[in-house]
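Below you'll find the structure, written out as structure tokens, and then a few comments.
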Amino acid sequence: MTGRLAGRVALISGGASGMGAAHARAFAEEGASVVIGDIADEAGARLADELGDRVAYVHLDVTRSEDWDTAVAEATRRFGELNVLVNNAGVLDGGPLGAYTEKQWQQVLSVNLTGPFLGLTAARDALVTARPSSVVNISSAAGIQGVAGMHAYTASKFGVRGLTKSAALELAPHGVRVNSVHPGGILTPMIGAMAGDATVDRDANTLARLGLPEEVTSVVVFLASTESSYCNGGEYVVDGGMTAGSTFG
Ligand SMILES: NC(=O)c1ccc[n+]([C@@H]2O[C@H](COP(=O)([O-])OP(=O)(O)OC[C@H]3O[C@@H](n4cnc5c(N)ncnc54)[C@H](O)[C@@H]3O)[C@@H](O)[C@H]2O)c1
């Protein structure tokens, strides 16, 4: 443990698997107390058990404001305060216009965009009380540029980028910074089934491979810590150069 997050109390949504689990692990290693919130109760509780007394699990469906209230209350009851919120839970699907249904659209928007809004709403007072605080919203490279056939996902991740800025402007005077992180293709359960292995087409990004969860975690730890004390309303791209631009020839 190097203590970069010593004394911090974090709530990480979608922390039971993939990148959220990597964030929870690193946060605990860096000295934070962590509440993992997810709908995957078994995996979440198992991870919290494995990580020890400073990590707790709560059932949190990010589309339900009452679940958010419970999760924030659990963080303050168990660890005394809450000064980091990582809005990480997300879902991915897609389909061409005409086939992609309104129900699919609503579901993705409700988890990926309404979820972070409800999280900010529920945690606001606790974050202000425990200032200096930091909110890290996990958007995507799909929040920087469009992805064909992924209408709701792209719209939700552009929305998270915008929500980050409105919240950053509003909460800065109250000691709460808000930033967004934009991963490219990262090898997690979300993308693993689609990608097959850790190599991708050379055109997809400059590094010609998928990223690892830990390569995003290092940026999230930085933003959660006071090392990033002058970063607010920013966009942190971790995409192997995917959104850097195109090459000719
Ligand atoms: N993997 C990628 O390539 C990639 C790229 C860019 C952005 N992202 C984003 O990173 C975040 C984490 O993705 P991941 O790849 O680790 O995915 P993942 O599928 O491994 O993990 C997502 C977690 O969110 C949880 N979750 C789903 N719906 C939920 C809900 N309603 N309430 C609470 N928890 C819920 C799942 O149970 C799971 O534990 C997501 O926001 C995703 O959109 C992923």
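By convention here, the chains of the structure tokens are called A, B, ... in the order presented, each chain's residues are numbered starting at 1, and ligands are numbered starting at 1 in the order presented.
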
Exercise for the section: Fewer than 5 positions away in the same chain doesn't count, so skip those; otherwise give me all residues within 9 Å of Leu51 (chain A), counting only C-alpha atoms, as a list in words. Expected result: Ala24, Arg25, Ala28, Glu29, Arg46 and Ala56 of chain A

Using N, CA and C atoms, can you export the residues from the last selection as a compact mmCIF listing (two decimals), in the first residue's frame?
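Below is the file that was written, again.txt:
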```txt
# COMPACT_ATOMS: atom_id res chain seq x y z
N ALA A 24 -11.82 -0.86 -7.44
CA ALA A 24 -12.03 -1.18 -6.02
C ALA A 24 -10.76 -1.76 -5.40
N ARG A 25 -10.14 -2.70 -6.12
CA ARG A 25 -8.89 -3.32 -5.65
C ARG A 25 -7.80 -2.26 -5.42
N ALA A 28 -8.50 0.15 -2.49
CA ALA A 28 -8.22 -0.47 -1.19
C ALA A 28 -6.71 -0.53 -0.97
N GLU A 29 -5.97 -0.91 -2.02
CA GLU A 29 -4.50 -0.99 -1.89
C GLU A 29 -3.91 0.38 -1.59
N ARG A 46 -18.47 -11.16 -2.74
CA ARG A 46 -17.25 -11.97 -2.71
C ARG A 46 -16.01 -11.07 -2.80
N ALA A 56 -16.82 -2.67 1.68
CA ALA A 56 -18.16 -3.20 1.93
C ALA A 56 -18.90 -3.31 0.60
```

Practice task
Within 10 Å of Arg177 (chain A), counting only C-alpha atoms, which residues show up once you throw out same-chain ones fewer than 6 positions away? Write them as a ChimeraX atom specification, please.
Solution key: /A:84,127,131-136,164-165,167-171,223-224,228-234

Exercise for the section: Considering only C-alpha atoms, return as a list of chain:residue names whatever protein or nucleic-acid residues lie within 9 Å of Ala122 (chain A), sequence-local ones (same chain, fewer than 4 positions apart) excluded. Expected result: A:Ser65, A:Glu66, A:Trp68, A:Asp69, A:Ala71, A:Val72, A:Phe117, A:Leu118, A:Ala126

Practice task
Check which residues fall inside 6 Å of ligand 1 when counting only C-alpha atoms and all ligand atoms, and print them as a PyMOL selection string.
Solution key: chain A and resi 13-20+38-40+60-63+88-91+111+138-141+183-191

What does the file look like for those residues with C-alpha atoms, as an mmCIF file, in the first residue's frame?
```
data_model
loop_
_atom_site.group_PDB
_atom_site.id
_atom_site.type_symbol
_atom_site.label_atom_id
_atom_site.label_comp_id
_atom_site.auth_asym_id
_atom_site.auth_seq_id
_atom_site.Cartn_x
_atom_site.Cartn_y
_atom_site.Cartn_z
ATOM 1 C CA SER A 13 -20.949 1.747 -8.857
ATOM 2 C CA GLY A 14 -20.652 -1.386 -10.964
ATOM 3 C CA GLY A 15 -17.698 -2.381 -8.812
ATOM 4 C CA ALA A 16 -18.334 -6.131 -8.864
ATOM 5 C CA SER A 17 -16.597 -6.876 -12.158
ATOM 6 C CA GLY A 18 -14.437 -5.525 -14.952
ATOM 7 C CA MET A 19 -12.965 -2.071 -14.529
ATOM 8 C CA GLY A 20 -15.039 -1.282 -11.432
ATOM 9 C CA ASP A 38 -23.707 -3.346 -7.991
ATOM 10 C CA ILE A 39 -26.623 -5.548 -8.972
ATOM 11 C CA ALA A 40 -24.309 -8.571 -9.177
ATOM 12 C CA LEU A 60 -27.174 -0.761 -5.870
ATOM 13 C CA ASP A 61 -29.255 -0.615 -9.011
ATOM 14 C CA VAL A 62 -28.096 2.739 -10.364
ATOM 15 C CA THR A 63 -31.493 3.366 -11.980
ATOM 16 C CA ASN A 88 -18.754 3.339 -13.351
ATOM 17 C CA ALA A 89 -21.763 1.032 -13.865
ATOM 18 C CA GLY A 90 -22.709 0.710 -17.501
ATOM 19 C CA VAL A 91 -24.296 -1.516 -20.108
ATOM 20 C CA VAL A 111 -28.277 2.869 -16.567
ATOM 21 C CA ILE A 138 -16.799 6.809 -16.539
ATOM 22 C CA SER A 139 -17.771 7.824 -20.052
ATOM 23 C CA SER A 140 -16.083 6.227 -23.084
ATOM 24 C CA ALA A 141 -14.258 6.923 -26.326
ATOM 25 C CA PRO A 183 -11.680 4.430 -22.049
ATOM 26 C CA GLY A 184 -11.278 2.887 -25.483
ATOM 27 C CA GLY A 185 -11.554 -0.866 -25.936
ATOM 28 C CA ILE A 186 -10.687 -2.421 -22.572
ATOM 29 C CA LEU A 187 -10.579 -6.147 -21.960
ATOM 30 C CA THR A 188 -13.436 -6.729 -19.493
ATOM 31 C CA PRO A 189 -16.473 -9.009 -19.462
ATOM 32 C CA MET A 190 -18.397 -6.236 -21.295
ATOM 33 C CA ILE A 191 -16.182 -6.383 -24.343
#
```

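Taking CA of Thr76 (chain A) and CA of Val128 (chain A) as the two end points, the separation is 12.8 Å.
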
Exercise for the section: Excluding region 148-162 of chain A and residues on its chain fewer than 6 positions from it, collect all residues at most 7 Å away from it, counting only C-alpha atoms, and give them as a list in words. Expected result: Leu92, Asp93, Gly94, Gly95, Pro96, Trp105, Val108, Leu109, Asn112, Leu113, Asn137, Ser139, Ser140, Ala142 and Ser180 of chain A

Problem - Nearby residues (only C-alpha atoms) at most 12 Å from Glu74 (chain A), same-chain spacing under 5 positions excluded, as an NGL selection string - result: :A and (9-11 or 33-37 or 55-60 or 67-69 or 79-82 or 123 or 126)

Could you write out the selected residues, including N, CA and C atoms, as a tab-separated table (two decimals), in the first residue's frame?
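Result saved to part-v3.tsv:
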```tsv
chain	number	residue	atom	x	y	z
A	9	VAL	N	-12.93	7.96	1.32
A	9	VAL	CA	-14.02	6.98	1.36
A	9	VAL	C	-14.74	7.05	0.02
A	10	ALA	N	-14.74	5.92	-0.70
A	10	ALA	CA	-15.24	5.92	-2.08
A	10	ALA	C	-16.43	5.00	-2.26
A	11	LEU	N	-17.35	5.44	-3.09
A	11	LEU	CA	-18.46	4.59	-3.53
A	11	LEU	C	-18.25	4.35	-5.03
A	33	SER	N	-11.19	3.56	1.98
A	33	SER	CA	-12.31	2.69	2.35
A	33	SER	C	-13.27	2.73	1.17
A	34	VAL	N	-13.84	1.57	0.85
A	34	VAL	CA	-14.59	1.46	-0.40
A	34	VAL	C	-15.94	0.80	-0.17
A	35	VAL	N	-16.98	1.40	-0.75
A	35	VAL	CA	-18.27	0.73	-0.85
A	35	VAL	C	-18.47	0.37	-2.32
A	36	ILE	N	-18.58	-0.93	-2.57
A	36	ILE	CA	-18.86	-1.42	-3.92
A	36	ILE	C	-20.37	-1.53	-4.05
A	37	GLY	N	-20.94	-0.89	-5.09
A	37	GLY	CA	-22.38	-1.00	-5.34
A	37	GLY	C	-22.62	-1.64	-6.69
A	55	VAL	N	-13.59	-2.64	2.97
A	55	VAL	CA	-14.40	-2.69	1.75
A	55	VAL	C	-15.74	-3.35	2.07
A	56	ALA	N	-16.82	-2.67	1.68
A	56	ALA	CA	-18.16	-3.20	1.93
A	56	ALA	C	-18.90	-3.31	0.60
A	57	TYR	N	-19.93	-4.15	0.59
A	57	TYR	CA	-20.75	-4.28	-0.61
A	57	TYR	C	-22.18	-3.88	-0.29
A	58	VAL	N	-22.81	-3.12	-1.19
A	58	VAL	CA	-24.25	-2.86	-1.07
A	58	VAL	C	-24.92	-3.15	-2.42
A	59	HIS	N	-26.14	-3.64	-2.35
A	59	HIS	CA	-26.91	-3.79	-3.59
A	59	HIS	C	-27.28	-2.39	-4.08
A	60	LEU	N	-26.88	-2.08	-5.30
A	60	LEU	CA	-27.17	-0.76	-5.87
A	60	LEU	C	-27.54	-0.92	-7.34
A	67	ASP	N	-32.01	3.14	-3.99
A	67	ASP	CA	-30.78	2.34	-3.82
A	67	ASP	C	-29.57	3.26	-3.61
A	68	TRP	N	-29.54	4.35	-4.35
A	68	TRP	CA	-28.43	5.32	-4.19
A	68	TRP	C	-28.44	5.88	-2.76
A	69	ASP	N	-29.63	6.23	-2.26
A	69	ASP	CA	-29.70	6.78	-0.89
A	69	ASP	C	-29.15	5.78	0.11
A	79	PHE	N	-18.13	4.08	7.28
A	79	PHE	CA	-16.78	4.66	7.21
A	79	PHE	C	-16.74	6.14	7.60
A	80	GLY	N	-17.89	6.71	8.01
A	80	GLY	CA	-17.88	8.05	8.60
A	80	GLY	C	-18.15	9.19	7.64
A	81	GLU	N	-17.87	9.00	6.35
A	81	GLU	CA	-18.07	10.08	5.38
A	81	GLU	C	-18.00	9.51	3.97
A	82	LEU	N	-18.19	10.37	2.98
A	82	LEU	CA	-18.05	9.94	1.58
A	82	LEU	C	-17.41	11.08	0.80
A	123	ALA	N	-25.42	11.69	-3.66
A	123	ALA	CA	-24.16	11.85	-2.93
A	123	ALA	C	-23.79	13.31	-2.69
A	126	ALA	N	-23.30	14.65	0.96
A	126	ALA	CA	-22.22	13.94	1.66
A	126	ALA	C	-20.86	14.36	1.10
```

Practice task
Using DSSP on the backbone coordinates, identify the residues of region 31-97 of chain A assigned to strand (DSSP E); present them as a list in words.
Solution key: Ser33, Val34, Val35, Ile36, Gly37, Asp38, Val55, Ala56, Tyr57, Val58, His59, Val84, Leu85, Val86 and Asn87 of chain A

Contact residues around Ala22 (chain A) with only C-alpha atoms at 7 Å, ignoring same-chain residues under 6 positions, as an mmCIF file with N, CA and C atoms, in the first residue's frame:
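Okay, this is what ended up in selection_39.cif:
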```
data_model
loop_
_atom_site.group_PDB
_atom_site.id
_atom_site.type_symbol
_atom_site.label_atom_id
_atom_site.label_comp_id
_atom_site.auth_asym_id
_atom_site.auth_seq_id
_atom_site.Cartn_x
_atom_site.Cartn_y
_atom_site.Cartn_z
ATOM 1 N N PRO A 213 -7.900 -3.304 -17.699
ATOM 2 C CA PRO A 213 -8.608 -2.487 -16.701
ATOM 3 C C PRO A 213 -7.667 -1.621 -15.862
ATOM 4 N N GLU A 214 -6.524 -2.189 -15.486
ATOM 5 C CA GLU A 214 -5.588 -1.453 -14.615
ATOM 6 C C GLU A 214 -5.039 -0.202 -15.295
ATOM 7 N N THR A 217 -7.588 2.207 -14.412
ATOM 8 C CA THR A 217 -7.591 2.410 -12.965
ATOM 9 C C THR A 217 -6.568 3.462 -12.541
#
```

Handout entry: Those of region 65-234 of chain A in DSSP alpha helix (DSSP H), formatted as an MDAnalysis selection string
Key = chainID A and resid 65:79 102:109 115:129 151:171 189:195 213:224

Determine, counting only C-alpha atoms, which protein, DNA and RNA residues have an atom within 9 Å of an atom of Gly31 (chain A); residues of the same chain fewer than 3 positions away are not included. Present the result as a PDB file with N, CA and C atoms, in the first residue's frame.
```
ATOM      1  N   MET A   1       0.847  -1.214   0.000  1.00  0.00           N
ATOM      2  CA  MET A   1       0.000   0.000   0.000  1.00  0.00           C
ATOM      3  C   MET A   1       0.872   1.249   0.000  1.00  0.00           C
ATOM      4  N   THR A   2       0.567   2.158  -0.933  1.00  0.00           N
ATOM      5  CA  THR A   2       1.362   3.390  -0.964  1.00  0.00           C
ATOM      6  C   THR A   2       0.589   4.590  -0.413  1.00  0.00           C
ATOM      7  N   GLY A   3      -0.698   4.400  -0.147  1.00  0.00           N
ATOM      8  CA  GLY A   3      -1.448   5.423   0.566  1.00  0.00           C
ATOM      9  C   GLY A   3      -1.863   6.636  -0.227  1.00  0.00           C
ATOM     10  N   ARG A   4      -1.935   6.522  -1.556  1.00  0.00           N
ATOM     11  CA  ARG A   4      -2.342   7.693  -2.352  1.00  0.00           C
ATOM     12  C   ARG A   4      -3.790   8.079  -2.072  1.00  0.00           C
ATOM     13  N   LEU A   5      -4.578   7.125  -1.539  1.00  0.00           N
ATOM     14  CA  LEU A   5      -5.981   7.431  -1.227  1.00  0.00           C
ATOM     15  C   LEU A   5      -6.252   7.248   0.270  1.00  0.00           C
ATOM     16  N   ALA A   6      -5.226   7.373   1.059  1.00  0.00           N
ATOM     17  CA  ALA A   6      -5.405   7.209   2.507  1.00  0.00           C
ATOM     18  C   ALA A   6      -6.419   8.225   3.014  1.00  0.00           C
ATOM     19  N   GLY A   7      -7.373   7.770   3.803  1.00  0.00           N
ATOM     20  CA  GLY A   7      -8.368   8.660   4.382  1.00  0.00           C
ATOM     21  C   GLY A   7      -9.539   8.961   3.459  1.00  0.00           C
ATOM     22  N   ARG A   8      -9.509   8.447   2.249  1.00  0.00           N
ATOM     23  CA  ARG A   8     -10.629   8.687   1.335  1.00  0.00           C
ATOM     24  C   ARG A   8     -11.674   7.585   1.498  1.00  0.00           C
ATOM     25  N   ALA A  26      -7.602  -1.417  -6.422  1.00  0.00           N
ATOM     26  CA  ALA A  26      -6.537  -0.414  -6.336  1.00  0.00           C
ATOM     27  C   ALA A  26      -6.844   0.611  -5.247  1.00  0.00           C
ATOM     28  N   PHE A  27      -8.102   1.016  -5.141  1.00  0.00           N
ATOM     29  CA  PHE A  27      -8.476   1.983  -4.108  1.00  0.00           C
ATOM     30  C   PHE A  27      -8.147   1.417  -2.728  1.00  0.00           C
ATOM     31  N   ALA A  28      -8.505   0.147  -2.494  1.00  0.00           N
ATOM     32  CA  ALA A  28      -8.220  -0.473  -1.193  1.00  0.00           C
ATOM     33  C   ALA A  28      -6.714  -0.532  -0.966  1.00  0.00           C
ATOM     34  N   ARG A  54     -12.057  -2.867   5.173  1.00  0.00           N
ATOM     35  CA  ARG A  54     -12.282  -1.503   4.679  1.00  0.00           C
ATOM     36  C   ARG A  54     -13.050  -1.477   3.365  1.00  0.00           C
TER      37      ARG A  54
END
```
